[in-house]
$ cat final.tsv   # TSV, C-alpha atoms
chain	number	residue	atom	x	y	z
D	1	MET	CA	-3.09	-10.30	-26.68
D	2	SER	CA	-5.48	-10.80	-23.88
D	3	GLU	CA	-8.90	-12.00	-24.88
D	4	GLU	CA	-10.72	-11.38	-21.64
D	5	LYS	CA	-13.68	-9.10	-21.65
D	6	HIS	CA	-13.42	-6.11	-19.35
D	7	HIS	CA	-16.23	-4.39	-17.59
D	8	ILE	CA	-15.84	-0.63	-17.88
D	9	VAL	CA	-17.18	1.20	-14.85
D	10	SER	CA	-18.76	4.51	-15.86
D	11	TYR	CA	-17.50	7.86	-14.49
D	12	ARG	CA	-20.98	8.42	-13.11
D	13	THR	CA	-20.82	5.24	-11.03
D	14	HIS	CA	-17.40	6.23	-9.68
D	15	ALA	CA	-18.76	9.65	-8.71
D	16	PHE	CA	-21.72	8.08	-6.88
D	17	VAL	CA	-19.40	5.69	-5.05
D	18	LEU	CA	-17.27	8.63	-3.91
D	19	LEU	CA	-20.38	10.49	-2.78
D	20	ALA	CA	-21.50	7.48	-0.71
D	21	LEU	CA	-18.03	7.21	0.86
D	22	LEU	CA	-17.98	10.92	1.75
D	23	VAL	CA	-21.45	10.75	3.30
D	24	LEU	CA	-20.39	7.73	5.39
D	25	THR	CA	-17.25	9.61	6.48
D	26	GLY	CA	-19.44	12.53	7.58
D	27	ILE	CA	-21.73	10.19	9.51
D	28	SER	CA	-18.82	8.50	11.27
D	29	VAL	CA	-17.29	11.85	12.30
D	30	ALA	CA	-20.69	13.09	13.55
D	31	ILE	CA	-21.58	9.88	15.37
D	32	THR	CA	-18.30	9.71	17.28
D	33	GLN	CA	-18.83	13.25	18.62
D	34	LEU	CA	-21.79	11.86	20.63
D	35	GLU	CA	-21.07	10.32	24.01
D	36	MET	CA	-22.07	6.68	23.63
D	37	GLY	CA	-19.19	4.99	25.44
D	38	PRO	CA	-17.98	1.79	23.79
D	39	MET	CA	-20.81	2.08	21.22
D	40	ASN	CA	-18.84	4.92	19.59
D	41	THR	CA	-16.09	2.58	18.51
D	42	LEU	CA	-18.54	-0.12	17.45
D	43	ALA	CA	-20.48	2.35	15.29
D	44	ALA	CA	-17.27	3.75	13.77
D	45	MET	CA	-16.05	0.23	12.95
D	46	ILE	CA	-19.35	-0.79	11.35
D	47	ILE	CA	-19.26	2.32	9.14
D	48	ALA	CA	-15.58	1.72	8.31
D	49	GLY	CA	-16.50	-1.86	7.36
D	50	ILE	CA	-19.22	-0.63	5.01
D	51	LYS	CA	-16.81	1.88	3.45
D	52	ALA	CA	-14.18	-0.83	3.01
D	53	ALA	CA	-16.75	-3.12	1.34
D	54	ILE	CA	-17.73	-0.31	-1.06
D	55	VAL	CA	-14.08	0.38	-1.98
D	56	LEU	CA	-13.45	-3.35	-2.51
D	57	ALA	CA	-16.58	-3.90	-4.61
D	58	TRP	CA	-16.47	-0.86	-6.91
D	59	PHE	CA	-13.06	0.82	-6.86
D	60	MET	CA	-11.18	-2.49	-6.65
D	61	HIS	CA	-13.59	-4.09	-9.17
D	62	LEU	CA	-14.39	-7.16	-7.04
D	63	LYS	CA	-18.00	-6.85	-8.12
D	64	PHE	CA	-16.96	-7.33	-11.76
D	65	GLU	CA	-14.14	-9.86	-11.35
D	66	SER	CA	-14.37	-13.62	-11.04
D	67	ARG	CA	-16.04	-14.65	-7.76
D	68	PHE	CA	-12.77	-16.28	-6.76
D	69	PHE	CA	-11.22	-12.89	-5.93
D	70	ALA	CA	-14.05	-12.01	-3.56
D	71	PHE	CA	-13.74	-15.47	-1.99
D	72	MET	CA	-10.01	-14.95	-1.34
D	73	VAL	CA	-10.60	-11.53	0.21
D	74	SER	CA	-13.29	-12.98	2.50
D	75	ALA	CA	-10.88	-15.71	3.55
D	76	VAL	CA	-8.27	-13.11	4.57
D	77	VAL	CA	-10.89	-11.16	6.54
D	78	VAL	CA	-11.91	-14.37	8.36
D	79	VAL	CA	-8.27	-15.16	9.18
D	80	PHE	CA	-7.82	-11.66	10.58
D	81	LEU	CA	-10.97	-11.89	12.73
D	82	LEU	CA	-9.91	-15.32	14.04
D	83	VAL	CA	-6.48	-13.99	15.04
D	84	LEU	CA	-8.18	-11.06	16.79
D	85	LEU	CA	-10.54	-13.44	18.61
D	86	VAL	CA	-7.82	-15.87	19.67
D	87	THR	CA	-5.59	-13.02	20.87
D	88	PHE	CA	-8.41	-11.68	23.03
D	89	PHE	CA	-9.13	-15.12	24.50
D	90	ASP	CA	-5.48	-15.24	25.46
D	91	TYR	CA	-5.44	-11.78	27.07
D	92	SER	CA	-8.83	-12.06	28.74
D	93	TYR	CA	-8.09	-15.26	30.65
D	94	ARG	CA	-4.59	-14.58	31.94
X	1	MET	CA	5.36	-12.33	-32.90
X	2	THR	CA	2.81	-12.21	-30.16
X	3	VAL	CA	4.04	-12.01	-26.61
X	4	HIS	CA	2.20	-14.19	-24.14
X	5	ARG	CA	0.25	-12.19	-21.62
X	6	ASP	CA	-1.76	-13.21	-18.59
X	7	ASP	CA	-3.60	-10.21	-17.17
X	8	LEU	CA	-5.67	-12.36	-14.83
X	9	GLY	CA	-2.51	-13.95	-13.44
X	10	ASP	CA	-0.94	-10.50	-13.00
X	11	LYS	CA	-3.96	-9.31	-11.08
X	12	MET	CA	-4.05	-12.48	-8.99
X	13	GLY	CA	-0.42	-11.86	-8.04
X	14	MET	CA	-1.25	-8.29	-7.05
X	15	TRP	CA	-4.10	-9.51	-4.86
X	16	LEU	CA	-1.82	-12.02	-3.13
X	17	PHE	CA	0.58	-9.17	-2.39
X	18	ILE	CA	-2.33	-7.09	-1.09
X	19	PHE	CA	-3.23	-9.94	1.29
X	20	THR	CA	0.27	-9.87	2.81
X	21	GLU	CA	-0.17	-6.11	3.25
X	22	LEU	CA	-3.59	-6.58	4.86
X	23	LEU	CA	-2.11	-9.07	7.31
X	24	LEU	CA	0.83	-6.74	8.05
X	25	PHE	CA	-1.52	-3.91	8.97
X	26	GLY	CA	-4.03	-6.36	10.43
X	27	MET	CA	-1.54	-7.55	13.04
X	28	LEU	CA	-0.79	-3.93	13.98
X	29	PHE	CA	-4.54	-3.47	14.46
X	30	VAL	CA	-4.55	-6.55	16.73
X	31	VAL	CA	-1.75	-4.99	18.81
X	32	TYR	CA	-3.75	-1.76	18.92
X	33	ALA	CA	-6.91	-3.59	20.04
X	34	VAL	CA	-5.12	-5.44	22.86
X	35	TYR	CA	-3.31	-2.37	24.23
X	36	ARG	CA	-6.40	-0.22	23.93
X	37	SER	CA	-8.40	-2.76	25.93
X	38	MET	CA	-5.66	-2.62	28.59
X	39	HIS	CA	-5.39	1.20	28.62
X	40	PRO	CA	-8.79	2.54	27.49
X	41	GLU	CA	-8.49	5.92	29.27
X	42	ALA	CA	-4.99	6.71	28.02
X	43	PHE	CA	-6.05	5.88	24.43
X	44	LYS	CA	-9.02	8.22	24.74
X	45	LEU	CA	-6.83	11.05	26.03
X	46	GLY	CA	-4.31	10.31	23.27
X	47	GLY	CA	-7.05	10.44	20.65
X	48	ASP	CA	-8.13	13.85	21.95
X	49	GLU	CA	-4.65	15.18	21.16
X	50	LEU	CA	-5.03	14.32	17.46
X	51	ASP	CA	-6.40	16.89	15.02
X	52	VAL	CA	-9.84	15.66	13.87
X	53	VAL	CA	-10.11	18.40	11.21
X	54	MET	CA	-6.75	17.52	9.67
X	55	GLY	CA	-7.61	13.81	9.82
X	56	THR	CA	-10.98	14.39	8.16
X	57	ILE	CA	-9.41	16.50	5.39
X	58	ASN	CA	-6.87	13.75	4.70
X	59	THR	CA	-9.66	11.14	4.67
X	60	ILE	CA	-11.69	13.15	2.16
X	61	ILE	CA	-8.79	13.84	-0.21
X	62	LEU	CA	-7.64	10.22	-0.06
X	63	LEU	CA	-11.16	9.06	-1.00
X	64	ILE	CA	-11.20	11.54	-3.89
X	65	SER	CA	-7.82	10.24	-5.08
X	66	SER	CA	-9.18	6.69	-5.00
X	67	MET	CA	-11.96	7.81	-7.33
X	68	THR	CA	-9.61	9.63	-9.72
X	69	VAL	CA	-7.33	6.60	-10.09
X	70	ALA	CA	-10.37	4.33	-10.61
X	71	MET	CA	-11.65	6.79	-13.22
X	72	SER	CA	-8.27	6.85	-14.98
X	73	ILE	CA	-8.63	3.08	-15.50
X	74	SER	CA	-12.07	3.65	-17.06
X	75	ALA	CA	-10.56	6.38	-19.26
X	76	MET	CA	-7.76	4.01	-20.34
X	77	GLN	CA	-10.28	1.28	-21.18
X	78	LYS	CA	-12.14	3.79	-23.36
X	79	GLY	CA	-8.88	4.74	-25.04
X	80	ASN	CA	-8.87	8.29	-23.69
X	81	LYS	CA	-5.16	8.62	-22.97
X	82	LYS	CA	-5.23	12.33	-22.23
X	83	LEU	CA	-7.97	12.02	-19.61
X	84	ALA	CA	-6.24	9.01	-18.03
X	85	LEU	CA	-3.05	11.06	-17.66
X	86	THR	CA	-4.92	14.06	-16.25
X	87	LEU	CA	-6.69	11.89	-13.66
X	88	LEU	CA	-3.40	10.24	-12.72
X	89	THR	CA	-1.81	13.66	-12.25
X	90	ILE	CA	-4.65	14.70	-9.93
X	91	THR	CA	-4.16	11.49	-7.93
X	92	LEU	CA	-0.45	12.18	-7.69
X	93	ILE	CA	-0.99	15.76	-6.47
X	94	ILE	CA	-3.45	14.55	-3.82
X	95	ALA	CA	-0.92	11.96	-2.64
X	96	VAL	CA	1.67	14.71	-2.19
X	97	VAL	CA	-0.84	16.97	-0.38
X	98	PHE	CA	-1.66	14.06	1.97
X	99	LEU	CA	2.03	13.77	2.87
X	100	VAL	CA	2.38	17.54	3.37
X	101	ASN	CA	-0.57	17.46	5.82
X	102	LYS	CA	1.05	14.50	7.56
X	103	TYR	CA	4.31	16.46	7.83
X	104	PHE	CA	2.56	19.34	9.63
X	105	GLU	CA	0.61	16.93	11.81
X	106	TRP	CA	3.69	15.02	12.88
X	107	GLY	CA	5.58	18.29	13.30
X	108	ALA	CA	2.96	19.53	15.78
X	109	LYS	CA	3.18	16.24	17.72
X	110	PHE	CA	6.95	16.55	17.93
X	111	GLU	CA	6.55	20.10	19.19
X	112	TYR	CA	4.32	18.93	22.03
X	113	GLY	CA	6.79	16.16	22.84
X	114	PHE	CA	4.59	13.20	21.84
X	115	ASN	CA	7.27	11.63	19.66
X	116	PRO	CA	8.72	8.31	20.87
X	117	GLY	CA	11.42	8.84	23.46
X	118	ALA	CA	10.47	12.46	24.24
X	119	PRO	CA	10.88	13.22	27.97
X	120	GLU	CA	7.39	14.81	28.11
X	121	LEU	CA	5.83	11.62	26.72
X	122	LEU	CA	7.71	9.35	29.12
X	123	GLU	CA	6.09	11.17	32.05
X	124	LEU	CA	2.58	10.44	30.76
X	125	GLY	CA	2.61	6.74	31.59
X	126	PRO	CA	2.59	3.45	29.63
X	127	GLY	CA	-0.86	3.83	27.99
X	128	THR	CA	-0.01	7.16	26.35
X	129	ILE	CA	3.42	5.91	25.30
X	130	LEU	CA	1.76	2.91	23.62
X	131	PHE	CA	-0.88	5.09	21.94
X	132	PHE	CA	1.62	7.46	20.39
X	133	GLY	CA	4.05	4.64	19.61
X	134	LEU	CA	1.29	2.90	17.63
X	135	TYR	CA	0.18	6.21	16.10
X	136	PHE	CA	3.66	6.91	14.73
X	137	ILE	CA	4.30	3.34	13.59
X	138	MET	CA	0.93	2.83	11.88
X	139	THR	CA	0.59	6.25	10.24
X	140	GLY	CA	4.32	6.03	9.44
X	141	ILE	CA	4.05	2.71	7.60
X	142	HIS	CA	0.92	4.07	5.92
X	143	ALA	CA	2.84	7.20	4.81
X	144	LEU	CA	5.61	4.95	3.48
X	145	HIS	CA	2.96	3.27	1.31
X	146	ILE	CA	1.86	6.69	0.06
X	147	ILE	CA	5.46	7.41	-0.98
X	148	ILE	CA	5.68	4.07	-2.82
X	149	GLY	CA	2.33	4.89	-4.45
X	150	ILE	CA	3.72	8.22	-5.69
X	151	ALA	CA	6.71	6.41	-7.23
X	152	LEU	CA	4.32	3.93	-8.94
X	153	PHE	CA	2.15	6.76	-10.30
X	154	ILE	CA	5.19	8.50	-11.80
X	155	TYR	CA	6.30	5.23	-13.45
X	156	VAL	CA	2.82	4.46	-14.80
X	157	PHE	CA	2.38	8.04	-16.02
X	158	TRP	CA	5.62	7.73	-17.95
X	159	GLN	CA	4.66	4.34	-19.41
X	160	ILE	CA	1.30	5.70	-20.61
X	161	ARG	CA	3.00	8.66	-22.24
X	162	LYS	CA	5.34	6.29	-24.09
X	163	ASP	CA	2.31	4.15	-25.09
X	164	LYS	CA	3.76	1.14	-23.26
X	165	ILE	CA	0.49	1.12	-21.34
X	166	HIS	CA	-2.43	1.51	-23.73
X	167	GLN	CA	-6.08	0.65	-24.28
X	168	THR	CA	-5.52	-3.08	-24.68
X	169	ASP	CA	-2.64	-3.49	-22.22
X	170	TYR	CA	-3.16	-1.58	-19.00
X	171	VAL	CA	-2.68	-4.15	-16.25
X	172	TRP	CA	0.13	-2.03	-14.75
X	173	LEU	CA	-2.32	0.83	-14.31
X	174	GLU	CA	-4.92	-1.54	-12.86
X	175	ASN	CA	-2.50	-3.03	-10.34
X	176	THR	CA	-1.22	0.41	-9.34
X	177	GLY	CA	-4.87	1.37	-8.81
X	178	LEU	CA	-5.38	-1.72	-6.63
X	179	TYR	CA	-2.33	-0.76	-4.58
X	180	TRP	CA	-3.67	2.76	-4.12
X	181	HIS	CA	-7.08	1.50	-3.01
X	182	LEU	CA	-5.29	-0.69	-0.45
X	183	VAL	CA	-3.65	2.46	0.95
X	184	ASP	CA	-7.14	3.99	1.10
X	185	LEU	CA	-8.62	0.87	2.78
X	186	ILE	CA	-6.01	0.98	5.57
X	187	TRP	CA	-6.71	4.68	6.14
X	188	ILE	CA	-10.46	4.00	6.37
X	189	PHE	CA	-9.70	2.03	9.55
X	190	LEU	CA	-6.79	4.10	10.86
X	191	PHE	CA	-8.81	7.31	10.82
X	192	PRO	CA	-11.63	6.36	13.23
X	193	LEU	CA	-9.36	4.27	15.47
X	194	PHE	CA	-6.90	7.09	16.12
X	195	TYR	CA	-8.66	10.38	15.43
X	196	LEU	CA	-12.24	9.67	16.40
X	197	ILE	CA	-11.87	8.04	19.82
X	198	HIS	CA	-12.69	10.05	22.89
$ encode --input "final.tsv" --output "structure tokens"
Amino acid sequence: MSEEKHHIVSYRTHAFVLLALLVLTGISVAITQLEMGPMNTLAAMIIAGIKAAIVLAWFMHLKFESRFFAFMVSAVVVVFLLVLLVTFFDYSYR
Amino acid sequence: MTVHRDDLGDKMGMWLFIFTELLLFGMLFVVYAVYRSMHPEAFKLGGDELDVVMGTINTIILLISSMTVAMSISAMQKGNKKLALTLLTITLIIAVVFLVNKYFEWGAKFEYGFNPGAPELLELGPGTILFFGLYFIMTGIHALHIIIGIALFIYVFWQIRKDKIHQTDYVWLENTGLYWHLVDLIWIFLFPLFYLIH
């Protein structure tokens, strides 16, 4: 038997998290209908990032797990951003 | 006899798998970013061809399904087997609806000749070919994950019914939930990058 203690997330919390995600989806759809040039994509990506963080923290329980999980996820995000950066350095200076 | 169990280790393994998935999709996003920076106009025109309403509906239902699977874990932890099964069934139905929407969406794109290799698409130039190539590959691999998710839900549903997954041993349900949230996470980025650019 496992002896770990589990944090049970209430149905109410889950419902609020969904509500927040739906509101953010609405905002991102509305904001991209405006003509803001490259800012459109930036705004959409910032909102998507916030949504992803909410899903990771609550739905994927990172908030309630050992900090090590969150650390590993951050490391993967950093690796991804570095690859993106390096790729753009390559393409921008050809 | 007590069987040794390591739920934390099981979850750690699932997360490691999720990281490989994130990097798989991540590299496709890098390809997308580079080609979009090279063909910004063609990507905008391509994005205009996608159905924002359909994309938004799929985003909303996928978010709802993420909540229902998360809730089914809470129900399992509280020992409410019936509710856990009901919530899983809802998740499963939403997953199927998502695929049905995708079928109609892809069908419409094929009709207009945006599918890879279509003569109409080939006339539209390299930027548009790249946009729709990436659209089909990325939403295609995503849809494949939805199908795998459906298979996992059916298996987990069956295991809960047989009481193989129960209040004190539900790591299978948890890991299936993690997998499903991954599918949701990818969609959170796919949706604005393909449907909302113009």
$ residues_around --input "final.tsv" --residues "range 168-170 of chain X" --least-positions-apart "3" --cutoff "9 Å" --atoms "all atoms listed in the file" --output "list in words"
Met1 and Ser2 of chain D; Asp7, Ile73, Met76, Gln77, Gly79, Ile160, Lys164, Ile165, Leu173, Glu174 and Asn175 of chain X
$ atom_distance --input "final.tsv" --atom1 "CA of Leu62 in chain X" --atom2 "CA of Pro38 in chain D"
27.3 Å
$ residues_around --input "final.tsv" --residues "Gly125 in chain X" --least-positions-apart "5" --cutoff "12 Å" --atoms "all atoms listed in the file" --output "compact mmCIF listing (two decimals) with C-alpha atoms, in the frame of the given file"
# COMPACT_ATOMS: atom_id res chain seq x y z
CA HIS X 39 -5.39 1.20 28.62
CA GLU X 41 -8.49 5.92 29.27
CA ALA X 42 -4.99 6.71 28.02
CA PHE X 43 -6.05 5.88 24.43
CA LEU X 45 -6.83 11.05 26.03
CA GLY X 46 -4.31 10.31 23.27
CA PHE X 114 4.59 13.20 21.84
CA PRO X 119 10.88 13.22 27.97
CA GLU X 120 7.39 14.81 28.11
CA LEU X 130 1.76 2.91 23.62
CA PHE X 131 -0.88 5.09 21.94
CA PHE X 132 1.62 7.46 20.39
$ atom_distance --input "final.tsv" --atom1 "CA of Ile147 in chain X" --atom2 "CA of Gly113 in chain X"
25.4 Å
$ interface_residues --input "final.tsv" --of "chain D" --to "chain X" --cutoff "7 Å" --atoms "all atoms listed in the file" --output "number ranges by chain"
D: 1-2, 8-11, 14, 18, 22, 29, 32, 44, 48, 52, 59-60, 76, 80, 84
$ atom_distance --input "final.tsv" --atom1 "CA of Ser66 in chain D" --atom2 "CA of Met14 in chain X"
14.7 Å
$ closest_residue --input "final.tsv" --among "X:Leu122, X:Leu83, X:Val171, X:Ala95" --to "His142 in chain X" --atoms "all atoms listed in the file"
X:Ala95
$ residues_around --input "final.tsv" --residues "Ala43 in chain D" --least-positions-apart "6" --cutoff "10 Å" --atoms "all atoms listed in the file" --output "PDB file with C-alpha atoms, in the coordinates of the input"
ATOM      1  CA  ILE D  27     -21.730  10.190   9.510  1.00  0.00           C
ATOM      2  CA  SER D  28     -18.820   8.500  11.270  1.00  0.00           C
ATOM      3  CA  ILE D  31     -21.580   9.880  15.370  1.00  0.00           C
ATOM      4  CA  THR D  32     -18.300   9.710  17.280  1.00  0.00           C
ATOM      5  CA  MET D  36     -22.070   6.680  23.630  1.00  0.00           C
ATOM      6  CA  GLY D  49     -16.500  -1.860   7.360  1.00  0.00           C
TER       7      GLY D  49
ATOM      8  CA  PRO X 192     -11.630   6.360  13.230  1.00  0.00           C
TER       9      PRO X 192
END
$ closest_residue --input "final.tsv" --among "X:Ile146, X:Met138, X:Ala108, X:Ile154" --to "Glu49 in chain X" --atoms "all atoms listed in the file"
X:Ala108
$ residues_around --input "final.tsv" --residues "Leu92 in chain X" --least-positions-apart "5" --cutoff "9 Å" --atoms "only C-alpha atoms" --output "VMD selection string"
chain X and resid 65 87 97 149 to 150 153 to 154
